[in-house]
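Working notes, beginning with the structure itself.
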Amino acid sequence: MNTASDNPGGNASSKTGYNRFLLLVAGLGGLLYGVDVGIIAGALPYLEATSHLKAEQLSFIVAAVLLGATISTLFAGMLADWMGRKPLMALSGILFVISIPVIALAQGYWPLVCGRLLQGVSGGFIGVVVPLYLAECLSASDRGKGTGIFQWLLTLGIVAAAVIGMVVSHQVAEVEKLGDAVKLLAFKDTAWRSIFWVSLPPGILFVIGSLMVAESPRWLFRRGRKDLARTALSRSRTAGQVDVEMAEMEATSATETAKGGSSRESLLHRKYLIPFILACVILACNQATGVNSIIGYCATILLQGGLSDVQAHQGYLLLTLVNFLMTIGGVVLVDRKGRKFLLCLGTAGIIISLACVGVLFHGVEKLGVDCKDAVQGMVAGGDSLTLAFNPEMVAKLEAGRAKPAGTNTLVIICSYGDFSMATTAVRSDEKAAKPVTISRGDCVPANRVMSFFSNPFADLAAAQTAPLKIQKAVITPVPDTSTGWLLAICLFLFMGTYAVGPGVCVWLALSELMPTRIRSNGMSVALLLNQAVSTAIAASFLPMVGKYGYSTMFFFFAVCTVVYFSTAAFFLPETKGKTLEEIEEHFEGKKKTAH
């Protein structure tokens, strides 16, 4: 058979160019995934100011992406097997492109919800199909780099969304100086729509790129299209590499046929079960490091740790930059040092940094005083609370105690029935700060869908009439600024070691470990588990912090990461430089044969 690889000398540059193009398409997929996550943050203040939507409606617009991603993750593996990896990539990009005008041109609540759901569906498909496609298309030497670039540009998408929001905020501030309320309102309406329009070009480029790449050779081979599979491999491999990988696919297929056919071979076979369990444990532990909660509540954590409001937001910006820059290091090292090495290195650094943060918070929190009874007495009609936190209020709440010196913070943990919430930490030295306010609408979801994602086991009807109960109202002395920056440095260490290790390698573990037969559906199930753990931690983070303090949460995250480290160190095989068929043979208990 004549293929493009029969003349390797004349086509070496084209093969290099095609591999780079694959990496670019993967990167655009990661960029869209990051934009899905981060774009709403910059647009939300202006949407809130101009849309006249209720708080619960705005909350659901934000959460609609999670709902869409959860739905699409369930079906992504099945669709990837049915229609192919390439068409599903193109479909995910098309859905993203459609979502932008639906949102940006929306004149009401439901178009916004539909647009955000489409973005979530797109993100869920991308999160499954792009790492899957890369694992099956890139050579063993480039597979780590490709998946790493997906993660790197994912973080870039989050940063880009933040930058877009920041630029627009400066434009809004300039218009605000004119003192024209009508013009300012009109500009804010244009502002949030512009933020979404700016994210359209990467989506269009991803669709075009998806249409230009070849289909996955593994998918083609399993559909009996062996000539097309060889042609697809030839676009990125030399003739010798094509022959080797085709022979490995033939051998794997022959083994399945000898055992009665792939359709009848038990999924409880060790070559399926062990890698599936490993991938699920790694993905669950990846969220159990607390990474999403630490990113989401970074400014609050630093404020509680001793930094001022401005310094806390500076610390959050530095944290996102550390994440972005250290991911570059992970991309460079993943195919040189290997997945196992980076996971062990990263999880070890995470354990140390989380333990240090826990120790620092423990030293602060042991000085806290719970004034829940005094605050409960201030609840108006058993339903709401308004409290101005200042030095006079500190003295009132701590009546009979020695007046604490310096600045204090207050965090209130409360509930209406089964739904809990925590106020953000407020400081007694902020003279212009708004009073702490708590109302039922801030805590209890507006409908059953939002209730399920907040607390799937809660009684929504009872919570809608339950009285406001103050569970904790902790006044804690604020440590000095040096302690706050020391805590920030520990969080930077956490983010850096996460980015260089788990941040890059978790996508590889998901796509490389699972054999071809179960890869697509297995990735869907594992990612669904990943989202479930993430949602559970997000739902319990603030109530747990209120009951037991930040130190307990960080120690808990550290313990979970010990499990992560142990799994990587003692059970995870090194997959660097191995073809997918060689990895499958490892789990089947076969020794690697020399080629």
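Starting from 1 in every chain, residues are counted up; chains themselves are A, B, ... following the order of the structure tokens, and ligands are numbered from 1 as listed.
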- Near-Asp189 of chain A list (7 Å; only C-alpha atoms; drop same-chain fewer than 2 positions) as a VMD selection string: chain A and resid 46 to 47 50 185 to 187 191 to 193
Residue subset to file, keeping C-alpha atoms, as a PDB file, in the first residue's frame:
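This went into selection_26.pdb:
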```pdb
ATOM      1  CA  TYR A  46     -22.969  44.123  34.453  1.00  0.00           C
ATOM      2  CA  LEU A  47     -25.603  41.485  33.681  1.00  0.00           C
ATOM      3  CA  THR A  50     -28.912  45.755  33.635  1.00  0.00           C
ATOM      4  CA  LEU A 185     -26.522  51.756  32.216  1.00  0.00           C
ATOM      5  CA  ALA A 186     -26.472  51.420  28.426  1.00  0.00           C
ATOM      6  CA  PHE A 187     -22.706  50.869  28.411  1.00  0.00           C
ATOM      7  CA  ALA A 191     -20.224  45.504  28.291  1.00  0.00           C
ATOM      8  CA  TRP A 192     -21.473  42.067  29.352  1.00  0.00           C
ATOM      9  CA  ARG A 193     -22.542  41.263  25.802  1.00  0.00           C
TER      10      ARG A 193
END
```
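Of the residues listed (A:Lys469, A:His362, A:Lys576, A:Arg235), A:Lys469 shows the shortest atom-to-atom separation from Met378 of chain A; distances use only C-alpha atoms.
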How close does segment 74-98 of chain A get to segment 129-137 of chain A? List, as CSV, each residue of segment 74-98 of chain A within 9 Å, its nearest atom pair and the distance in Å to one decimal, counting only C-alpha atoms.
```
residue,atom,partner,partner_atom,distance
A:Ala76,CA,A:Val129,CA,7.2
A:Gly77,CA,A:Val129,CA,7.6
A:Ala80,CA,A:Val129,CA,6.9
A:Arg85,CA,A:Tyr133,CA,6.0
A:Lys86,CA,A:Tyr133,CA,7.7
A:Leu88,CA,A:Val129,CA,7.1
A:Met89,CA,A:Val129,CA,6.5
```
What are the DSSP strand (DSSP E or B) residues of segment 280-393 of chain A, as a PDB file with C-alpha atoms, in the first residue's frame?
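Final output, part_2.pdb:
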```pdb
ATOM      1  CA  VAL A 369     -14.604  33.237  70.066  1.00  0.00           C
ATOM      2  CA  ASP A 370     -18.050  31.906  69.082  1.00  0.00           C
ATOM      3  CA  ALA A 380     -35.296  39.933  63.099  1.00  0.00           C
ATOM      4  CA  SER A 384     -33.324  37.647  58.601  1.00  0.00           C
ATOM      5  CA  LEU A 385     -30.324  39.433  60.059  1.00  0.00           C
ATOM      6  CA  THR A 386     -28.598  42.774  59.519  1.00  0.00           C
ATOM      7  CA  LEU A 387     -25.438  43.408  61.526  1.00  0.00           C
TER       8      LEU A 387
END
```
